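Participant: I'd like to ask some things about the structure below.
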Amino acid sequence: MSYFRGDPWAADEDPGPLVRPFAVTRGRAGKYVNTLDMLSLVVAVRSETEAATLDREYAEIVRLCQARPVSIAELAAHLNLLLAAVKVLVGDLIESGYLIFRSPTPAANTPDPELLQAVLDGIRNI
């Protein structure tokens, strides 16, 4: 008696990620892992055609970052990879000159929530 429904080797359904993250990053931690935040914005400075010779994940990152800046979190979602793995891949692309990045504004430089609430209340009273 078979415990499988149909052919167990059939590719009818998406099997999910088949490659472990450490295989994608070749077991490396990366130079920019601590510098890149999940909200860091990344933009491509080279064309997709220049990235055509890169591994699939690298080329896909460059493609996604062509039209607009993309956050590390968005890249991870598009690639279906862990944030840590995407940071390593993005770091490699930064180091090789395919991408540039901008870190998010530190929390200390954001406006005071109480001040924002006071401005909102003032606008509502107008």
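Labels for the structure tokens follow display order: chains A, B, ..., residues from 1 in each chain, ligands from 1.
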Please identify all polymer residues within 9 Å of range 54-59 of chain A, counting only C-alpha atoms, omitting same-chain residues fewer than 6 positions from it, and present them as a ChimeraX atom specification.
Facilitator: /A:24,48,79,89-90,92-93
Participant: Please list as a list in words every residue within 6 Å of Leu41 in chain A, counting only C-alpha atoms and excluding residues in the same chain fewer than 6 positions away.
Facilitator: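 Non-adjacent residues within range: Pro69, Val70, Ser71, Phe101 and Arg102 of chain A.
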Participant: Keeping only all heavy atoms, write those residues as a PDB file, in the first residue's frame.
Facilitator:
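selection15.pdb was written with the following content:
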ATOM      1  N   PRO A  69      14.260  51.831  -5.564  1.00  0.00           N
ATOM      2  CA  PRO A  69      14.916  51.228  -4.398  1.00  0.00           C
ATOM      3  C   PRO A  69      14.002  50.186  -3.759  1.00  0.00           C
ATOM      4  O   PRO A  69      12.794  50.373  -3.678  1.00  0.00           O
ATOM      5  CB  PRO A  69      15.133  52.413  -3.454  1.00  0.00           C
ATOM      6  CG  PRO A  69      15.049  53.618  -4.310  1.00  0.00           C
ATOM      7  CD  PRO A  69      14.110  53.278  -5.425  1.00  0.00           C
ATOM      8  N   VAL A  70      14.608  49.090  -3.324  1.00  0.00           N
ATOM      9  CA  VAL A  70      13.856  47.991  -2.718  1.00  0.00           C
ATOM     10  C   VAL A  70      14.488  47.667  -1.368  1.00  0.00           C
ATOM     11  O   VAL A  70      15.708  47.647  -1.237  1.00  0.00           O
ATOM     12  CB  VAL A  70      13.890  46.747  -3.637  1.00  0.00           C
ATOM     13  CG1 VAL A  70      13.112  45.603  -3.037  1.00  0.00           C
ATOM     14  CG2 VAL A  70      13.363  47.091  -5.021  1.00  0.00           C
ATOM     15  N   SER A  71      13.667  47.407  -0.368  1.00  0.00           N
ATOM     16  CA  SER A  71      14.199  47.069   0.960  1.00  0.00           C
ATOM     17  C   SER A  71      14.690  45.625   0.978  1.00  0.00           C
ATOM     18  O   SER A  71      14.277  44.793   0.175  1.00  0.00           O
ATOM     19  CB  SER A  71      13.127  47.277   2.031  1.00  0.00           C
ATOM     20  OG  SER A  71      12.145  46.270   1.942  1.00  0.00           O
ATOM     21  N   PHE A 101      23.420  51.063  -1.407  1.00  0.00           N
ATOM     22  CA  PHE A 101      22.357  50.978  -0.403  1.00  0.00           C
ATOM     23  C   PHE A 101      22.328  52.227   0.452  1.00  0.00           C
ATOM     24  O   PHE A 101      23.292  52.991   0.510  1.00  0.00           O
ATOM     25  CB  PHE A 101      22.530  49.741   0.481  1.00  0.00           C
ATOM     26  CG  PHE A 101      23.619  49.849   1.506  1.00  0.00           C
ATOM     27  CD1 PHE A 101      23.311  50.166   2.822  1.00  0.00           C
ATOM     28  CD2 PHE A 101      24.940  49.638   1.162  1.00  0.00           C
ATOM     29  CE1 PHE A 101      24.309  50.261   3.777  1.00  0.00           C
ATOM     30  CE2 PHE A 101      25.943  49.726   2.107  1.00  0.00           C
ATOM     31  CZ  PHE A 101      25.625  50.041   3.419  1.00  0.00           C
ATOM     32  N   ARG A 102      21.207  52.407   1.099  1.00  0.00           N
ATOM     33  CA  ARG A 102      21.021  53.498   2.053  1.00  0.00           C
ATOM     34  C   ARG A 102      20.354  52.906   3.280  1.00  0.00           C
ATOM     35  O   ARG A 102      19.297  52.272   3.179  1.00  0.00           O
ATOM     36  CB  ARG A 102      20.150  54.581   1.443  1.00  0.00           C
ATOM     37  CG  ARG A 102      19.932  55.725   2.383  1.00  0.00           C
ATOM     38  CD  ARG A 102      19.214  56.853   1.704  1.00  0.00           C
ATOM     39  NE  ARG A 102      18.581  57.629   2.739  1.00  0.00           N
ATOM     40  CZ  ARG A 102      17.428  58.209   2.628  1.00  0.00           C
ATOM     41  NH1 ARG A 102      16.764  58.138   1.510  1.00  0.00           N
ATOM     42  NH2 ARG A 102      16.920  58.876   3.625  1.00  0.00           N
TER      43      ARG A 102
END
Participant: Show me, as a JSON list (two decimals) with C-alpha atoms, in the first residue's frame, the residues that have an atom within 12 Å of Ala77 in chain A when counting only C-alpha atoms, minus same-chain residues fewer than 5 positions from it.
Facilitator:
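File produced: part27.json:
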[["chain", "number", "residue", "atom", "x", "y", "z"],
["A", 38, "MET", "CA", 15.82, 44.81, 6.92],
["A", 61, "ILE", "CA", 18.22, 40.88, -7.02],
["A", 64, "LEU", "CA", 14.30, 43.70, -8.80],
["A", 70, "VAL", "CA", 13.86, 47.99, -2.72],
["A", 71, "SER", "CA", 14.20, 47.07, 0.96],
["A", 72, "ILE", "CA", 16.07, 43.98, 2.11],
["A", 82, "LEU", "CA", 15.80, 34.28, 4.89],
["A", 83, "LEU", "CA", 16.79, 37.89, 5.61],
["A", 85, "ALA", "CA", 20.85, 35.04, 3.33],
["A", 86, "VAL", "CA", 19.61, 38.04, 1.35]]
Participant: From the set A:Arg46, A:Leu116, A:Pro104, A:Gly91, which residue has the shortest atom-to-atom contact distance to Ala67 in chain A, counting only C-alpha atoms?
Facilitator: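 Of A:Arg46, A:Leu116, A:Pro104, A:Gly91, the one nearest Ala67 in chain A, counting only C-alpha atoms, is A:Arg46.
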